[in-house]
Each structure stands twice: as C-alpha cells, then as structure tokens.
file upload.cif (mmCIF, C-alpha atoms)
data_query
#
loop_
_atom_site.label_atom_id
_atom_site.label_comp_id
_atom_site.auth_asym_id
_atom_site.auth_seq_id
_atom_site.Cartn_x
_atom_site.Cartn_y
_atom_site.Cartn_z
CA MET A 1 0.00 0.00 0.00
CA ALA A 2 1.29 3.46 -0.91
CA ALA A 3 1.92 6.13 1.69
CA PRO A 4 -1.06 8.38 2.41
CA THR A 5 -1.35 11.59 0.47
CA TYR A 6 -2.68 14.97 1.58
CA ARG A 7 -5.26 17.20 -0.01
CA LEU A 8 -3.66 20.60 -0.53
CA ASP A 9 -5.97 22.15 2.08
CA ALA A 10 -4.95 19.54 4.65
CA LEU A 11 -1.26 20.07 3.95
CA LEU A 12 -1.66 23.82 4.40
CA GLN A 13 -3.58 23.25 7.65
CA LEU A 14 -0.80 21.00 8.92
CA GLU A 15 1.84 23.60 8.08
CA LYS A 16 -0.17 26.26 9.94
CA GLN A 17 -0.39 24.04 13.03
CA ILE A 18 3.35 23.34 13.04
CA GLU A 19 4.19 27.03 12.46
CA TYR A 20 1.93 27.99 15.37
CA ILE A 21 3.73 25.56 17.71
CA GLU A 22 7.11 26.66 16.37
CA ARG A 23 6.53 30.24 17.54
CA ASP A 24 6.78 29.07 21.13
CA SER A 25 9.06 26.06 20.77
CA PRO A 26 10.91 24.98 17.62
CA THR A 27 11.95 21.79 19.40
CA ASN A 28 8.38 20.92 20.28
CA ALA A 29 7.26 21.71 16.72
CA LYS A 30 9.75 19.17 15.36
CA ARG A 31 8.57 16.58 17.89
CA VAL A 32 4.89 17.16 16.98
CA ALA A 33 5.65 17.03 13.24
CA LYS A 34 7.39 13.67 13.73
CA LYS A 35 4.50 12.35 15.82
CA ILE A 36 2.00 13.36 13.13
CA SER A 37 4.17 11.88 10.37
CA ASP A 38 4.39 8.59 12.29
CA ALA A 39 0.60 8.59 12.81
CA VAL A 40 -0.05 9.20 9.11
CA ALA A 41 2.25 6.29 8.23
CA MET A 42 0.39 4.08 10.73
CA ILE A 43 -2.95 5.10 9.20
CA GLY A 44 -1.54 4.12 5.81
CA ARG A 45 -0.75 0.65 7.14
CA ASN A 46 -4.03 0.34 9.10
CA PRO A 47 -6.61 2.53 7.35
CA HIS A 48 -9.57 1.19 9.34
CA ILE A 49 -8.00 2.12 12.67
CA GLY A 50 -9.82 5.42 13.18
CA PRO A 51 -13.47 5.72 14.07
CA GLU A 52 -15.88 6.26 11.19
CA ARG A 53 -17.05 9.85 10.83
CA ASP A 54 -19.91 9.52 8.37
CA ASP A 55 -21.48 12.46 10.21
CA LEU A 56 -18.84 14.64 8.52
CA GLY A 57 -18.94 13.00 5.11
CA PRO A 58 -19.17 9.59 3.47
CA GLY A 59 -16.24 7.30 4.12
CA LEU A 60 -14.44 9.63 6.50
CA ARG A 61 -12.47 8.47 9.54
CA SER A 62 -10.59 10.44 12.18
CA TRP A 63 -7.47 9.97 14.26
CA TRP A 64 -6.34 12.20 17.09
CA VAL A 65 -2.64 12.97 17.39
CA LYS A 66 -2.09 15.56 20.09
CA PRO A 67 -2.60 18.43 19.29
CA VAL A 68 -4.44 17.77 16.00
CA THR A 69 -7.18 15.58 14.61
CA LEU A 70 -6.57 14.02 11.22
CA LEU A 71 -9.59 13.42 9.05
CA TYR A 72 -8.96 10.91 6.28
CA ARG A 73 -10.67 8.81 3.67
CA LEU A 74 -9.89 5.36 2.29
CA GLU A 75 -10.38 5.63 -1.45
CA GLU A 76 -11.78 2.91 -3.75
CA ASP A 77 -8.25 2.07 -4.92
CA ASP A 78 -7.27 1.47 -1.24
CA SER A 79 -5.20 4.65 -1.09
CA VAL A 80 -5.52 6.89 1.96
CA VAL A 81 -6.01 10.63 1.64
CA ILE A 82 -5.66 13.01 4.57
CA VAL A 83 -8.44 15.50 3.88
CA LEU A 84 -8.34 17.73 6.97
CA VAL A 85 -5.99 18.63 9.82
CA ALA A 86 -7.85 20.31 12.66
CA GLY A 87 -6.09 22.00 15.53
CA ARG A 88 -7.13 22.06 19.15
CA GLY A 89 -10.37 23.94 19.58
CA GLN A 90 -11.36 23.81 15.92
CA LEU A 91 -14.72 22.25 15.19
CA LEU A 92 -14.47 19.36 12.75
CA GLU A 93 -18.02 19.89 11.53
CA ALA A 94 -17.38 23.53 10.61
CA LEU A 95 -14.06 22.74 8.93
CA ALA A 96 -15.52 19.79 7.03
CA ASP A 97 -18.21 22.08 5.66
CA GLU A 98 -15.77 24.89 4.89
CA TYR A 99 -13.36 22.63 3.00
CA ASP A 100 -16.06 20.46 1.42
CA VAL A 101 -14.66 17.13 2.54
#
call {"tool": "encode", "arguments": {"input": "upload.cif", "output": "structure tokens"}}
result
Amino acid sequence: MAAPTYRLDALLQLEKQIEYIERDSPTNAKRVAKKISDAVAMIGRNPHIGPERDDLGPGLRSWWVKPVTLLYRLEEDDSVVIVLVAGRGQLLEALADEYDV
C-alpha cells in the first residue's frame, strides 16, 4: 500500500499548526511534526484504525494525534487521503463544511 497523500488544504492546515507551535518552541514543533508523520504512516498501514465519521462526510475516519485531529478517507483504490488537519479547539463539523470534505 502506498503512503497516504494529503489534499492541498490539509497540507496547508498541517503547516499552519506546526508554524503555530514553532513560535513558542521549535523543538516541540519538530517533535509534533514527527508524531504526526508517524501517525499518518500508521494510518496508511491500518486505514480502518480510526473511528468512522460519516457524520462529517461519506467514508471519512478520524485519528487524534495531540494536538491535531486528522480526518482521512480510504479511497476505492485502497489509497488513503488526509483530507483535513484540525487544531485544538477547531470544530471538525465547521471545517468539514468549509473545506467540502
């Protein structure tokens, strides 16, 4: 199975989250980025691991990696796409609507 890919919106959201953390602690930002990268790789190996989030859109699943929630979809070709990266305090429902996931 190929490594998960990111929708452009999700990649930009991830970069924003890391930049926000980096303002206070570059070391912590690197640690969080690594933790998220490891979680995304794990999702790629185990795409059914996260709870289903059909309330946000068909076929969506989520996985929490402090301090973000990853929203992803398993595609028909068995590839995994990260569709949303929500930071602490952000409402998944509102973001899912805003980014049309």
call {"tool": "resolve_selection", "arguments": {"input": "upload.cif", "expression": "the PyMOL selection byres ((chain A and resi 9) around 9)", "output": "NGL selection string"}}
result
:A and (6-8 or 10-14 or 83-85 or 99)
call {"tool": "atom_distance", "arguments": {"input": "upload.cif", "atom1": "atom CA of Ala2 of chain A", "atom2": "atom CA of Glu75 of chain A"}}
result
11.9 Å
call {"tool": "residues_near_point", "arguments": {"input": "upload.cif", "point": "(-12.8, 9.2, 13.0)", "cutoff": "8 Å", "atoms": "only C-alpha atoms", "output": "ChimeraX atom specification"}}
result
/A:50-53,60-63,71-72
call {"tool": "write_last_selection", "arguments": {"input": "upload.cif", "atoms": "C-alpha atoms", "output": "mmCIF file, in the coordinates of the input"}}
result
data_model
loop_
_atom_site.group_PDB
_atom_site.id
_atom_site.type_symbol
_atom_site.label_atom_id
_atom_site.label_comp_id
_atom_site.auth_asym_id
_atom_site.auth_seq_id
_atom_site.Cartn_x
_atom_site.Cartn_y
_atom_site.Cartn_z
ATOM 1 C CA GLY A 50 -9.820 5.420 13.180
ATOM 2 C CA PRO A 51 -13.470 5.720 14.070
ATOM 3 C CA GLU A 52 -15.880 6.260 11.190
ATOM 4 C CA ARG A 53 -17.050 9.850 10.830
ATOM 5 C CA LEU A 60 -14.440 9.630 6.500
ATOM 6 C CA ARG A 61 -12.470 8.470 9.540
ATOM 7 C CA SER A 62 -10.590 10.440 12.180
ATOM 8 C CA TRP A 63 -7.470 9.970 14.260
ATOM 9 C CA LEU A 71 -9.590 13.420 9.050
ATOM 10 C CA TYR A 72 -8.960 10.910 6.280
#
call {"tool": "closest_residue", "arguments": {"input": "upload.cif", "among": "A:Lys16, A:Arg45, A:Lys30, A:Arg23", "to": "Val68 of chain A", "atoms": "only C-alpha atoms"}}
result
A:Lys16
call {"tool": "atom_distance", "arguments": {"input": "upload.cif", "atom1": "atom CA of Asp55 of chain A", "atom2": "atom CA of Gln17 of chain A"}}
result
24.2 Å
call {"tool": "atom_distance", "arguments": {"input": "upload.cif", "atom1": "atom CA of Val80 of chain A", "atom2": "atom CA of Ala3 of chain A"}}
result
7.5 Å
call {"tool": "closest_residue", "arguments": {"input": "upload.cif", "among": "A:Ile49, A:Leu74, A:Ile82, A:Leu56", "to": "Ser37 of chain A", "atoms": "only C-alpha atoms"}}
result
A:Ile82
call {"tool": "closest_residue", "arguments": {"input": "upload.cif", "among": "A:Asp54, A:Glu98, A:Asp78, A:Val65", "to": "Lys35 of chain A", "atoms": "all atoms listed in the file"}}
result
A:Val65
call {"tool": "closest_residue", "arguments": {"input": "upload.cif", "among": "A:Leu70, A:Ala94, A:Val81, A:Met42", "to": "Pro4 of chain A", "atoms": "all atoms listed in the file"}}
result
A:Val81
call {"tool": "closest_residue", "arguments": {"input": "upload.cif", "among": "A:Ala86, A:Ile43, A:Val101, A:Ile18", "to": "Arg31 of chain A", "atoms": "only C-alpha atoms"}}
result
A:Ile18
call {"tool": "decode", "arguments": {"input": "upload.cif", "residues": "segment 79-98 of chain A", "atoms": "N, CA and C atoms", "output": "mmCIF file, in the first residue's frame"}}
result
data_model
loop_
_atom_site.group_PDB
_atom_site.id
_atom_site.type_symbol
_atom_site.label_atom_id
_atom_site.label_comp_id
_atom_site.auth_asym_id
_atom_site.auth_seq_id
_atom_site.Cartn_x
_atom_site.Cartn_y
_atom_site.Cartn_z
ATOM 1 N N SER A 79 -6.122 3.600 -1.528
ATOM 2 C CA SER A 79 -5.198 4.646 -1.094
ATOM 3 C C SER A 79 -5.860 5.444 0.032
ATOM 4 N N VAL A 80 -5.037 6.072 0.852
ATOM 5 C CA VAL A 80 -5.517 6.888 1.960
ATOM 6 C C VAL A 80 -5.188 8.342 1.669
ATOM 7 N N VAL A 81 -6.197 9.196 1.858
ATOM 8 C CA VAL A 81 -6.010 10.629 1.639
ATOM 9 C C VAL A 81 -6.350 11.367 2.931
ATOM 10 N N ILE A 82 -5.406 12.153 3.425
ATOM 11 C CA ILE A 82 -5.657 13.015 4.570
ATOM 12 C C ILE A 82 -6.396 14.231 4.010
ATOM 13 N N VAL A 83 -7.619 14.438 4.469
ATOM 14 C CA VAL A 83 -8.443 15.497 3.876
ATOM 15 C C VAL A 83 -8.541 16.738 4.755
ATOM 16 N N LEU A 84 -8.193 16.601 6.042
ATOM 17 C CA LEU A 84 -8.344 17.727 6.965
ATOM 18 C C LEU A 84 -7.415 17.538 8.157
ATOM 19 N N VAL A 85 -6.800 18.635 8.598
ATOM 20 C CA VAL A 85 -5.990 18.628 9.816
ATOM 21 C C VAL A 85 -6.542 19.733 10.701
ATOM 22 N N ALA A 86 -7.194 19.343 11.780
ATOM 23 C CA ALA A 86 -7.854 20.306 12.663
ATOM 24 C C ALA A 86 -7.045 20.471 13.941
ATOM 25 N N GLY A 87 -6.810 21.712 14.302
ATOM 26 C CA GLY A 87 -6.095 22.004 15.533
ATOM 27 C C GLY A 87 -7.013 21.984 16.731
ATOM 28 N N ARG A 88 -6.394 22.028 17.879
ATOM 29 C CA ARG A 88 -7.126 22.060 19.145
ATOM 30 C C ARG A 88 -8.125 23.209 19.123
ATOM 31 N N GLY A 89 -9.343 22.908 19.500
ATOM 32 C CA GLY A 89 -10.371 23.941 19.578
ATOM 33 C C GLY A 89 -11.115 24.196 18.278
ATOM 34 N N GLN A 90 -10.650 23.615 17.181
ATOM 35 C CA GLN A 90 -11.357 23.807 15.918
ATOM 36 C C GLN A 90 -12.456 22.758 15.808
ATOM 37 N N LEU A 91 -13.595 23.164 15.325
ATOM 38 C CA LEU A 91 -14.724 22.254 15.186
ATOM 39 C C LEU A 91 -14.632 21.496 13.864
ATOM 40 N N LEU A 92 -14.571 20.183 13.953
ATOM 41 C CA LEU A 92 -14.465 19.363 12.750
ATOM 42 C C LEU A 92 -15.632 19.596 11.803
ATOM 43 N N GLU A 93 -16.830 19.714 12.368
ATOM 44 C CA GLU A 93 -18.016 19.892 11.530
ATOM 45 C C GLU A 93 -17.904 21.160 10.691
ATOM 46 N N ALA A 94 -17.487 22.249 11.321
ATOM 47 C CA ALA A 94 -17.379 23.526 10.609
ATOM 48 C C ALA A 94 -16.282 23.454 9.549
ATOM 49 N N LEU A 95 -15.141 22.858 9.891
ATOM 50 C CA LEU A 95 -14.059 22.741 8.927
ATOM 51 C C LEU A 95 -14.424 21.812 7.767
ATOM 52 N N ALA A 96 -15.098 20.711 8.079
ATOM 53 C CA ALA A 96 -15.517 19.787 7.029
ATOM 54 C C ALA A 96 -16.444 20.479 6.034
ATOM 55 N N ASP A 97 -17.336 21.314 6.534
ATOM 56 C CA ASP A 97 -18.214 22.079 5.655
ATOM 57 C C ASP A 97 -17.427 23.106 4.857
ATOM 58 N N GLU A 98 -16.545 23.823 5.540
ATOM 59 C CA GLU A 98 -15.771 24.892 4.886
ATOM 60 C C GLU A 98 -14.899 24.348 3.763
#
